[in-house]
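> This is the structure I want to talk about, given as structure tokens.
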Amino acid sequence: MCVVSVQISIYFWLVRCSSFGSFYIQDIIFNCAGLSIAFIFLTNWDRCDVTSIFCRIEKLKQQFAHFYIIVTLSTREQNDAFVRSYFKYGMELGKPPFVLVHDVEMGFEKIVQIAHSRGACKKHDAKSKLKAERKQAVQGMDIFYRVVTSIPGIDNHDANSLNQGIGSIEAIAKASKEDILENTDLSVEKADMVKRFFRDPKLHLSPKIS
């Protein structure tokens, strides 16, 4: 076990490191002023045992109230593979939060930032807590935009329009073509593609073609 002291008396425990082929996963727990914060850090998405990973996420989600998954995605192909897996294994947006980063160094920075923020919430006032919750909401929106813009033909403007007019990914998945046309500025073709994407597994479980 490795213990490292960081800001505001945060202690870092590397409680488990194991490899699945070339895929490397780390389970990390911070103890911040008596508050336990757990992370799964996925440092390399290529050739990973996706089923084992998502099973472990479901298990740890039940054990920790404060639980995050940090995922390193350095290429567009890895991003698309992650999006497909996110749909396939039925993840619920923000439960738990996924934080997507470009490299391992940024991933460690995010872990420390989140742990620091959570620790500050416990030690300080409601304003600090609100700031941390806002940061978590931003992380959730990052997942939202990555998922929605993975739909063929849908760009950031369209994703924003769907968010404002329809709402969450779950709401978009249930929305009819007519609802999308009435509440957003998407074209008929794009509205039809959004509807088909969420109803046809061949679309959201297959590689996106640019």
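Naming scheme: A, B, ... for chains in displayed order of the structure tokens; residues 1 onward per chain; ligands 1 onward as shown.
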Excluding same-chain residues fewer than 2 positions from A:Thr75, what lies within 12 Å of it counting only C-alpha atoms, as a VMD selection string?

chain A and resid 44 to 46 72 to 73 77 to 82 100 to 103

> Could you pull the residues within 7 Å of stretch 104-113 of chain A, counting only C-alpha atoms, minus those fewer than 4 positions along the same chain, as a VMD selection string?

chain A and resid 43 70 72 117

> What's the separation between atom CA of A:Pro97 and atom CA of A:Glu170, in Å to one decimal place?

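Here the two named atoms are 15.5 Å from each other.
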
> Quick one: everything within 7 Å of stretch 144-151 of chain A, counting only C-alpha atoms, minus sequence neighbours fewer than 6 positions away in the same chain. Send it as a PyMOL selection string.

chain A and resi 83+159+169+194+197+208

> Could you pull out the residues in stretch 34-189 of chain A that DSSP calls alpha helix (DSSP H) from the backbone, as a PyMOL selection string?

chain A and resi 50-63+76-88+104-123+126-148+156-165+169-174+177-183+188-189

> Find the spatial neighbours of A:Ser36, counting only C-alpha atoms, within a cut-off of 8 Å - ignore same-chain residues fewer than 4 positions away - and output them as an mmCIF file with N, CA and C atoms, in the first residue's frame.


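The new file part.cif reads:
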data_model
loop_
_atom_site.group_PDB
_atom_site.id
_atom_site.type_symbol
_atom_site.label_atom_id
_atom_site.label_comp_id
_atom_site.auth_asym_id
_atom_site.auth_seq_id
_atom_site.Cartn_x
_atom_site.Cartn_y
_atom_site.Cartn_z
ATOM 1 N N ILE A 29 -8.386 5.087 -3.600
ATOM 2 C CA ILE A 29 -9.253 5.689 -2.583
ATOM 3 C C ILE A 29 -8.523 6.863 -1.930
ATOM 4 N N PHE A 30 -9.207 8.015 -1.870
ATOM 5 C CA PHE A 30 -8.721 9.145 -1.094
ATOM 6 C C PHE A 30 -9.533 9.213 0.197
ATOM 7 N N ASN A 31 -8.862 9.541 1.300
ATOM 8 C CA ASN A 31 -9.547 9.836 2.559
ATOM 9 C C ASN A 31 -9.342 11.314 2.839
ATOM 10 N N CYS A 32 -10.388 12.098 2.641
ATOM 11 C CA CYS A 32 -10.300 13.555 2.774
ATOM 12 C C CYS A 32 -11.095 13.992 3.996
ATOM 13 N N PHE A 64 -19.572 2.701 -2.576
ATOM 14 C CA PHE A 64 -19.069 4.047 -2.273
ATOM 15 C C PHE A 64 -20.084 5.114 -2.689
ATOM 16 N N HIS A 66 -19.283 8.254 -2.930
ATOM 17 C CA HIS A 66 -18.526 9.179 -3.778
ATOM 18 C C HIS A 66 -17.585 8.347 -4.649
#

> When you look at A:Glu178 with a cut-off of 10 Å (counting only C-alpha atoms), what residues show up, excluding the ones that are within fewer than 5 positions of it in the same chain? I need them as a count of residues only.

5

> Which polymer residues have any atom within 10 Å of an atom of A:Leu162, counting only C-alpha atoms, with same-chain residues fewer than 2 positions away left out, as a list in words?

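Those residues are Val148, Asn156, His157, Asp158, Ala159, Asn160, Gln164, Gly165, Ile166, Gly167, Ser168, Ile169, Ala171, Ile172, Ile180, Leu181, Asn183, Thr184, Asp185, Leu186, Ala191 and Val194 of chain A.
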
> Those same residues - N, CA, C and O atoms - I'd like them written as a short mmCIF file (atom, residue, chain, number, x, y, z; two decimals), in the first residue's frame.


data_model
loop_
_atom_site.label_atom_id
_atom_site.label_comp_id
_atom_site.auth_asym_id
_atom_site.auth_seq_id
_atom_site.Cartn_x
_atom_site.Cartn_y
_atom_site.Cartn_z
N VAL A 148 -23.92 12.35 -27.68
CA VAL A 148 -24.86 12.85 -28.68
C VAL A 148 -24.16 13.17 -30.01
O VAL A 148 -24.69 12.90 -31.09
N ASN A 156 -22.01 19.82 -32.40
CA ASN A 156 -22.16 20.43 -31.07
C ASN A 156 -23.40 21.33 -30.99
O ASN A 156 -24.08 21.38 -29.96
N HIS A 157 -23.66 22.07 -32.07
CA HIS A 157 -24.86 22.93 -32.07
C HIS A 157 -26.12 22.09 -31.93
O HIS A 157 -27.03 22.43 -31.16
N ASP A 158 -26.18 20.99 -32.67
CA ASP A 158 -27.35 20.11 -32.59
C ASP A 158 -27.48 19.51 -31.18
O ASP A 158 -28.58 19.40 -30.65
N ALA A 159 -26.34 19.11 -30.61
CA ALA A 159 -26.35 18.53 -29.27
C ALA A 159 -26.89 19.55 -28.25
O ALA A 159 -27.68 19.20 -27.36
N ASN A 160 -26.45 20.80 -28.38
CA ASN A 160 -26.92 21.85 -27.48
C ASN A 160 -28.42 22.08 -27.65
O ASN A 160 -29.15 22.26 -26.67
N GLN A 164 -31.22 21.61 -24.73
CA GLN A 164 -32.12 22.68 -24.33
C GLN A 164 -33.59 22.33 -24.59
O GLN A 164 -34.47 22.65 -23.78
N GLY A 165 -33.84 21.65 -25.72
CA GLY A 165 -35.22 21.40 -26.12
C GLY A 165 -35.81 20.10 -25.61
O GLY A 165 -37.03 20.01 -25.37
N ILE A 166 -34.97 19.09 -25.41
CA ILE A 166 -35.47 17.77 -25.01
C ILE A 166 -35.00 17.40 -23.61
O ILE A 166 -35.76 16.96 -22.77
N GLY A 167 -33.67 17.57 -23.36
CA GLY A 167 -33.15 17.26 -22.03
C GLY A 167 -32.06 16.22 -22.04
O GLY A 167 -31.15 16.27 -22.88
N SER A 168 -32.14 15.27 -21.12
CA SER A 168 -31.11 14.27 -20.92
C SER A 168 -31.02 13.28 -22.08
O SER A 168 -31.89 13.24 -22.95
N ILE A 169 -29.95 12.46 -22.06
CA ILE A 169 -29.81 11.41 -23.06
C ILE A 169 -31.00 10.46 -23.00
O ILE A 169 -31.52 10.03 -24.04
N ALA A 171 -34.05 11.17 -22.07
CA ALA A 171 -35.22 11.84 -22.66
C ALA A 171 -35.13 11.86 -24.18
O ALA A 171 -36.13 11.67 -24.87
N ILE A 172 -33.92 12.12 -24.69
CA ILE A 172 -33.73 12.14 -26.15
C ILE A 172 -34.01 10.76 -26.74
O ILE A 172 -34.63 10.63 -27.81
N ILE A 180 -38.81 16.04 -31.39
CA ILE A 180 -37.52 16.64 -31.72
C ILE A 180 -37.70 17.83 -32.66
O ILE A 180 -37.12 18.90 -32.47
N LEU A 181 -38.53 17.65 -33.68
CA LEU A 181 -38.75 18.73 -34.65
C LEU A 181 -39.44 19.92 -34.00
O LEU A 181 -39.15 21.08 -34.32
N ASN A 183 -39.35 20.87 -30.78
CA ASN A 183 -38.64 21.52 -29.68
C ASN A 183 -37.18 21.89 -29.96
O ASN A 183 -36.50 22.44 -29.10
N THR A 184 -36.68 21.56 -31.16
CA THR A 184 -35.30 21.90 -31.52
C THR A 184 -35.29 22.49 -32.93
O THR A 184 -36.33 22.55 -33.60
N ASP A 185 -34.09 22.90 -33.37
CA ASP A 185 -33.97 23.42 -34.73
C ASP A 185 -33.34 22.39 -35.67
O ASP A 185 -32.82 22.74 -36.72
N LEU A 186 -33.38 21.11 -35.27
CA LEU A 186 -32.84 20.06 -36.13
C LEU A 186 -33.69 19.89 -37.39
O LEU A 186 -34.91 20.06 -37.35
N ALA A 191 -33.41 14.76 -37.25
CA ALA A 191 -34.36 14.24 -36.27
C ALA A 191 -34.61 12.75 -36.50
O ALA A 191 -34.68 11.95 -35.55
N VAL A 194 -31.55 10.80 -35.25
CA VAL A 194 -31.52 10.69 -33.79
C VAL A 194 -32.48 9.59 -33.32
O VAL A 194 -32.13 8.74 -32.50
#
